[in-house]
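As stored in entry36.pdb (PDB, C-alpha atoms):
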```
ATOM      1  CA  MET A   1      95.962  80.128  84.858  1.00  0.00           C
ATOM      2  CA  ALA A   2      93.778  81.982  82.442  1.00  0.00           C
ATOM      3  CA  TYR A   3      96.160  84.877  81.874  1.00  0.00           C
ATOM      4  CA  ALA A   4      98.960  82.505  80.801  1.00  0.00           C
ATOM      5  CA  ARG A   5      97.153  82.037  77.484  1.00  0.00           C
ATOM      6  CA  HIS A   6      97.065  85.756  76.749  1.00  0.00           C
ATOM      7  CA  PRO A   7     100.549  87.178  76.140  1.00  0.00           C
ATOM      8  CA  SER A   8      99.286  90.766  76.013  1.00  0.00           C
ATOM      9  CA  LEU A   9      97.615  90.382  79.416  1.00  0.00           C
ATOM     10  CA  ARG A  10     100.816  88.890  80.823  1.00  0.00           C
ATOM     11  CA  ARG A  11     102.741  91.911  79.512  1.00  0.00           C
ATOM     12  CA  ASP A  12     100.202  94.298  81.055  1.00  0.00           C
ATOM     13  CA  ILE A  13     100.403  92.563  84.437  1.00  0.00           C
ATOM     14  CA  ARG A  14     104.217  92.646  84.315  1.00  0.00           C
ATOM     15  CA  LYS A  15     104.196  96.335  83.362  1.00  0.00           C
ATOM     16  CA  THR A  16     101.833  97.137  86.247  1.00  0.00           C
ATOM     17  CA  ALA A  17     103.930  95.133  88.732  1.00  0.00           C
ATOM     18  CA  ASP A  18     107.092  96.916  87.566  1.00  0.00           C
ATOM     19  CA  GLY A  19     105.382 100.277  87.997  1.00  0.00           C
ATOM     20  CA  ILE A  20     104.269  99.416  91.518  1.00  0.00           C
ATOM     21  CA  ALA A  21     107.754  98.188  92.456  1.00  0.00           C
ATOM     22  CA  THR A  22     109.320 101.370  91.045  1.00  0.00           C
ATOM     23  CA  GLY A  23     106.878 103.581  92.943  1.00  0.00           C
ATOM     24  CA  LEU A  24     107.492 101.643  96.133  1.00  0.00           C
ATOM     25  CA  GLY A  25     111.241 101.995  95.598  1.00  0.00           C
ATOM     26  CA  TRP A  26     111.020 105.780  95.361  1.00  0.00           C
ATOM     27  CA  PHE A  27     108.623 105.911  98.314  1.00  0.00           C
ATOM     28  CA  SER A  28     111.070 103.834 100.383  1.00  0.00           C
ATOM     29  CA  ILE A  29     113.936 106.179  99.570  1.00  0.00           C
ATOM     30  CA  GLY A  30     111.842 109.227 100.472  1.00  0.00           C
ATOM     31  CA  LEU A  31     110.645 107.723 103.736  1.00  0.00           C
ATOM     32  CA  GLY A  32     114.167 106.603 104.568  1.00  0.00           C
ATOM     33  CA  LEU A  33     115.540 110.088 103.992  1.00  0.00           C
ATOM     34  CA  ILE A  34     112.921 111.569 106.312  1.00  0.00           C
ATOM     35  CA  GLU A  35     113.755 108.996 108.978  1.00  0.00           C
ATOM     36  CA  LEU A  36     117.490 109.645 108.621  1.00  0.00           C
ATOM     37  CA  LEU A  37     117.343 113.438 108.457  1.00  0.00           C
ATOM     38  CA  ALA A  38     114.509 114.164 110.903  1.00  0.00           C
ATOM     39  CA  PRO A  39     114.375 111.302 113.435  1.00  0.00           C
ATOM     40  CA  HIS A  40     113.254 113.611 116.256  1.00  0.00           C
ATOM     41  CA  THR A  41     110.257 114.818 114.272  1.00  0.00           C
ATOM     42  CA  VAL A  42     109.335 111.271 113.236  1.00  0.00           C
ATOM     43  CA  SER A  43     109.701 109.888 116.760  1.00  0.00           C
ATOM     44  CA  ARG A  44     107.677 112.751 118.225  1.00  0.00           C
ATOM     45  CA  SER A  45     104.876 112.297 115.667  1.00  0.00           C
ATOM     46  CA  LEU A  46     104.735 108.570 116.478  1.00  0.00           C
ATOM     47  CA  GLY A  47     104.886 109.100 120.241  1.00  0.00           C
ATOM     48  CA  GLN A  48     108.235 107.304 120.365  1.00  0.00           C
ATOM     49  CA  GLN A  49     110.509 109.982 121.833  1.00  0.00           C
ATOM     50  CA  GLY A  50     113.882 108.620 122.822  1.00  0.00           C
ATOM     51  CA  HIS A  51     113.955 106.108 119.943  1.00  0.00           C
ATOM     52  CA  GLU A  52     115.657 108.320 117.385  1.00  0.00           C
ATOM     53  CA  ARG A  53     118.566 105.934 116.883  1.00  0.00           C
ATOM     54  CA  ILE A  54     116.270 103.066 115.861  1.00  0.00           C
ATOM     55  CA  ILE A  55     114.322 105.431 113.581  1.00  0.00           C
ATOM     56  CA  ARG A  56     117.604 106.252 111.811  1.00  0.00           C
ATOM     57  CA  LEU A  57     118.262 102.520 111.376  1.00  0.00           C
ATOM     58  CA  TYR A  58     114.785 102.114 109.903  1.00  0.00           C
ATOM     59  CA  GLY A  59     115.644 104.933 107.519  1.00  0.00           C
ATOM     60  CA  ALA A  60     118.827 103.217 106.377  1.00  0.00           C
ATOM     61  CA  ARG A  61     116.886  99.994 105.830  1.00  0.00           C
ATOM     62  CA  GLU A  62     114.235 101.832 103.808  1.00  0.00           C
ATOM     63  CA  ILE A  63     116.852 103.461 101.593  1.00  0.00           C
ATOM     64  CA  ALA A  64     118.623 100.131 101.009  1.00  0.00           C
ATOM     65  CA  ASN A  65     115.331  98.471 100.063  1.00  0.00           C
ATOM     66  CA  GLY A  66     114.426 101.382  97.806  1.00  0.00           C
ATOM     67  CA  ILE A  67     117.718 101.191  95.956  1.00  0.00           C
ATOM     68  CA  GLY A  68     117.305  97.425  95.636  1.00  0.00           C
ATOM     69  CA  LEU A  69     113.796  97.831  94.229  1.00  0.00           C
ATOM     70  CA  LEU A  70     114.990 100.351  91.662  1.00  0.00           C
ATOM     71  CA  THR A  71     118.116  98.518  90.512  1.00  0.00           C
ATOM     72  CA  ALA A  72     117.578  94.766  90.878  1.00  0.00           C
ATOM     73  CA  ARG A  73     116.576  92.573  87.981  1.00  0.00           C
ATOM     74  CA  ASN A  74     114.680  90.319  90.362  1.00  0.00           C
ATOM     75  CA  ARG A  75     112.685  92.649  92.592  1.00  0.00           C
ATOM     76  CA  ALA A  76     110.860  89.937  94.540  1.00  0.00           C
ATOM     77  CA  PRO A  77     113.459  89.536  97.318  1.00  0.00           C
ATOM     78  CA  TRP A  78     113.508  93.303  97.832  1.00  0.00           C
ATOM     79  CA  LEU A  79     109.714  93.444  97.984  1.00  0.00           C
ATOM     80  CA  TRP A  80     109.676  90.658 100.543  1.00  0.00           C
ATOM     81  CA  GLY A  81     112.452  92.388 102.461  1.00  0.00           C
ATOM     82  CA  ARG A  82     110.323  95.480 102.655  1.00  0.00           C
ATOM     83  CA  VAL A  83     107.288  93.492 103.799  1.00  0.00           C
ATOM     84  CA  GLY A  84     109.395  91.788 106.474  1.00  0.00           C
ATOM     85  CA  GLY A  85     110.754  95.130 107.622  1.00  0.00           C
ATOM     86  CA  ASP A  86     107.252  96.558 107.893  1.00  0.00           C
ATOM     87  CA  LEU A  87     106.168  93.698 110.095  1.00  0.00           C
TER      88      LEU A  87
END
```
Written form, structure tokens:
Amino acid sequence: MAYARHPSLRRDIRKTADGIATGLGWFSIGLGLIELLAPHTVSRSLGQQGHERIIRLYGAREIANGIGLLTARNRAPWLWGRVGGDL
């Protein structure tokens, strides 16, 4: 890989990836809080009335992934967990 020969580029890529993971962590926590605290509003806006319980579970999952993204040394499993949850 070309970037492997340029330590400063490697640092920049790592810094950008860390910033994205941090932003995604905070976004996950925010989304999770909305899903936990206002499941009726979320379900109504998605046309999924009657599925408030599952929306709350999605919220708990989002918060757990967000905390993992913000605190883990290795963020990759948490990123993949979030991708899997979105699927």
Selected residue, from A:Ile20, A:Ile63, A:Asp12, A:Gln48, that lies nearest to Glu35 of chain A when counting all atoms listed in the file: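 Using all atoms listed in the file, the shortest distance to Glu35 of chain A belongs to A:Ile63.
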Do you know which residues the PyMOL selection byres ((chain A and resi 79) around 10) returns on this file, as a ChimeraX atom specification? /A:21,24-25,65-66,68-69,74-78,80-85
Nearest residue to Gly32 of chain A from the set A:Leu46, A:Leu87, A:Leu57, A:Leu70 (distances using only C-alpha atoms): A:Leu57
Assuming 6 Å of padding per side, give the centre and edge lengths of the axis-aligned box around every listed atom of segment 17-28 of chain A, in Å to one decimal and as AutoDock Vina command-line options.
```
--center_x 107.6 --center_y 100.5 --center_z 94.0 --size_x 19.3 --size_y 22.8 --size_z 24.8
```
What is the atom CA of Arg61 of chain A-atom CA of Gly30 of chain A distance in Å, reported with one decimal? 11.8 Å
Would you mind writing segment 32-48 of chain A with N, CA and C atoms, as an mmCIF file, keeping the file's coordinate frame?
```cif
data_model
loop_
_atom_site.group_PDB
_atom_site.id
_atom_site.type_symbol
_atom_site.label_atom_id
_atom_site.label_comp_id
_atom_site.auth_asym_id
_atom_site.auth_seq_id
_atom_site.Cartn_x
_atom_site.Cartn_y
_atom_site.Cartn_z
ATOM 1 N N GLY A 32 112.880 106.818 103.919
ATOM 2 C CA GLY A 32 114.167 106.603 104.568
ATOM 3 C C GLY A 32 114.917 107.903 104.803
ATOM 4 N N LEU A 33 114.878 108.796 103.825
ATOM 5 C CA LEU A 33 115.540 110.088 103.992
ATOM 6 C C LEU A 33 114.912 110.892 105.133
ATOM 7 N N ILE A 34 113.598 110.866 105.215
ATOM 8 C CA ILE A 34 112.921 111.569 106.312
ATOM 9 C C ILE A 34 113.341 110.972 107.648
ATOM 10 N N GLU A 35 113.376 109.645 107.724
ATOM 11 C CA GLU A 35 113.755 108.996 108.978
ATOM 12 C C GLU A 35 115.211 109.271 109.344
ATOM 13 N N LEU A 36 116.080 109.359 108.349
ATOM 14 C CA LEU A 36 117.490 109.645 108.621
ATOM 15 C C LEU A 36 117.735 111.109 108.991
ATOM 16 N N LEU A 37 117.064 112.014 108.297
ATOM 17 C CA LEU A 37 117.343 113.438 108.457
ATOM 18 C C LEU A 37 116.524 114.113 109.552
ATOM 19 N N ALA A 38 115.366 113.537 109.895
ATOM 20 C CA ALA A 38 114.509 114.164 110.903
ATOM 21 C C ALA A 38 113.972 113.129 111.893
ATOM 22 N N PRO A 39 114.858 112.361 112.538
ATOM 23 C CA PRO A 39 114.375 111.302 113.435
ATOM 24 C C PRO A 39 113.611 111.843 114.647
ATOM 25 N N HIS A 40 113.959 113.039 115.103
ATOM 26 C CA HIS A 40 113.254 113.611 116.256
ATOM 27 C C HIS A 40 111.807 113.931 115.896
ATOM 28 N N THR A 41 111.607 114.495 114.724
ATOM 29 C CA THR A 41 110.257 114.818 114.272
ATOM 30 C C THR A 41 109.434 113.547 114.084
ATOM 31 N N VAL A 42 110.035 112.544 113.458
ATOM 32 C CA VAL A 42 109.335 111.271 113.236
ATOM 33 C C VAL A 42 108.992 110.622 114.571
ATOM 34 N N SER A 43 109.956 110.548 115.469
ATOM 35 C CA SER A 43 109.701 109.888 116.760
ATOM 36 C C SER A 43 108.644 110.636 117.557
ATOM 37 N N ARG A 44 108.678 111.956 117.506
ATOM 38 C CA ARG A 44 107.677 112.751 118.225
ATOM 39 C C ARG A 44 106.280 112.532 117.635
ATOM 40 N N SER A 45 106.185 112.488 116.302
ATOM 41 C CA SER A 45 104.876 112.297 115.667
ATOM 42 C C SER A 45 104.306 110.904 115.927
ATOM 43 N N LEU A 46 105.187 109.941 116.185
ATOM 44 C CA LEU A 46 104.735 108.570 116.478
ATOM 45 C C LEU A 46 104.598 108.305 117.978
ATOM 46 N N GLY A 47 104.933 109.300 118.796
ATOM 47 C CA GLY A 47 104.886 109.100 120.241
ATOM 48 C C GLY A 47 105.990 108.172 120.727
ATOM 49 N N GLN A 48 107.120 108.195 120.048
ATOM 50 C CA GLN A 48 108.235 107.304 120.365
ATOM 51 C C GLN A 48 109.498 108.095 120.706
#
```
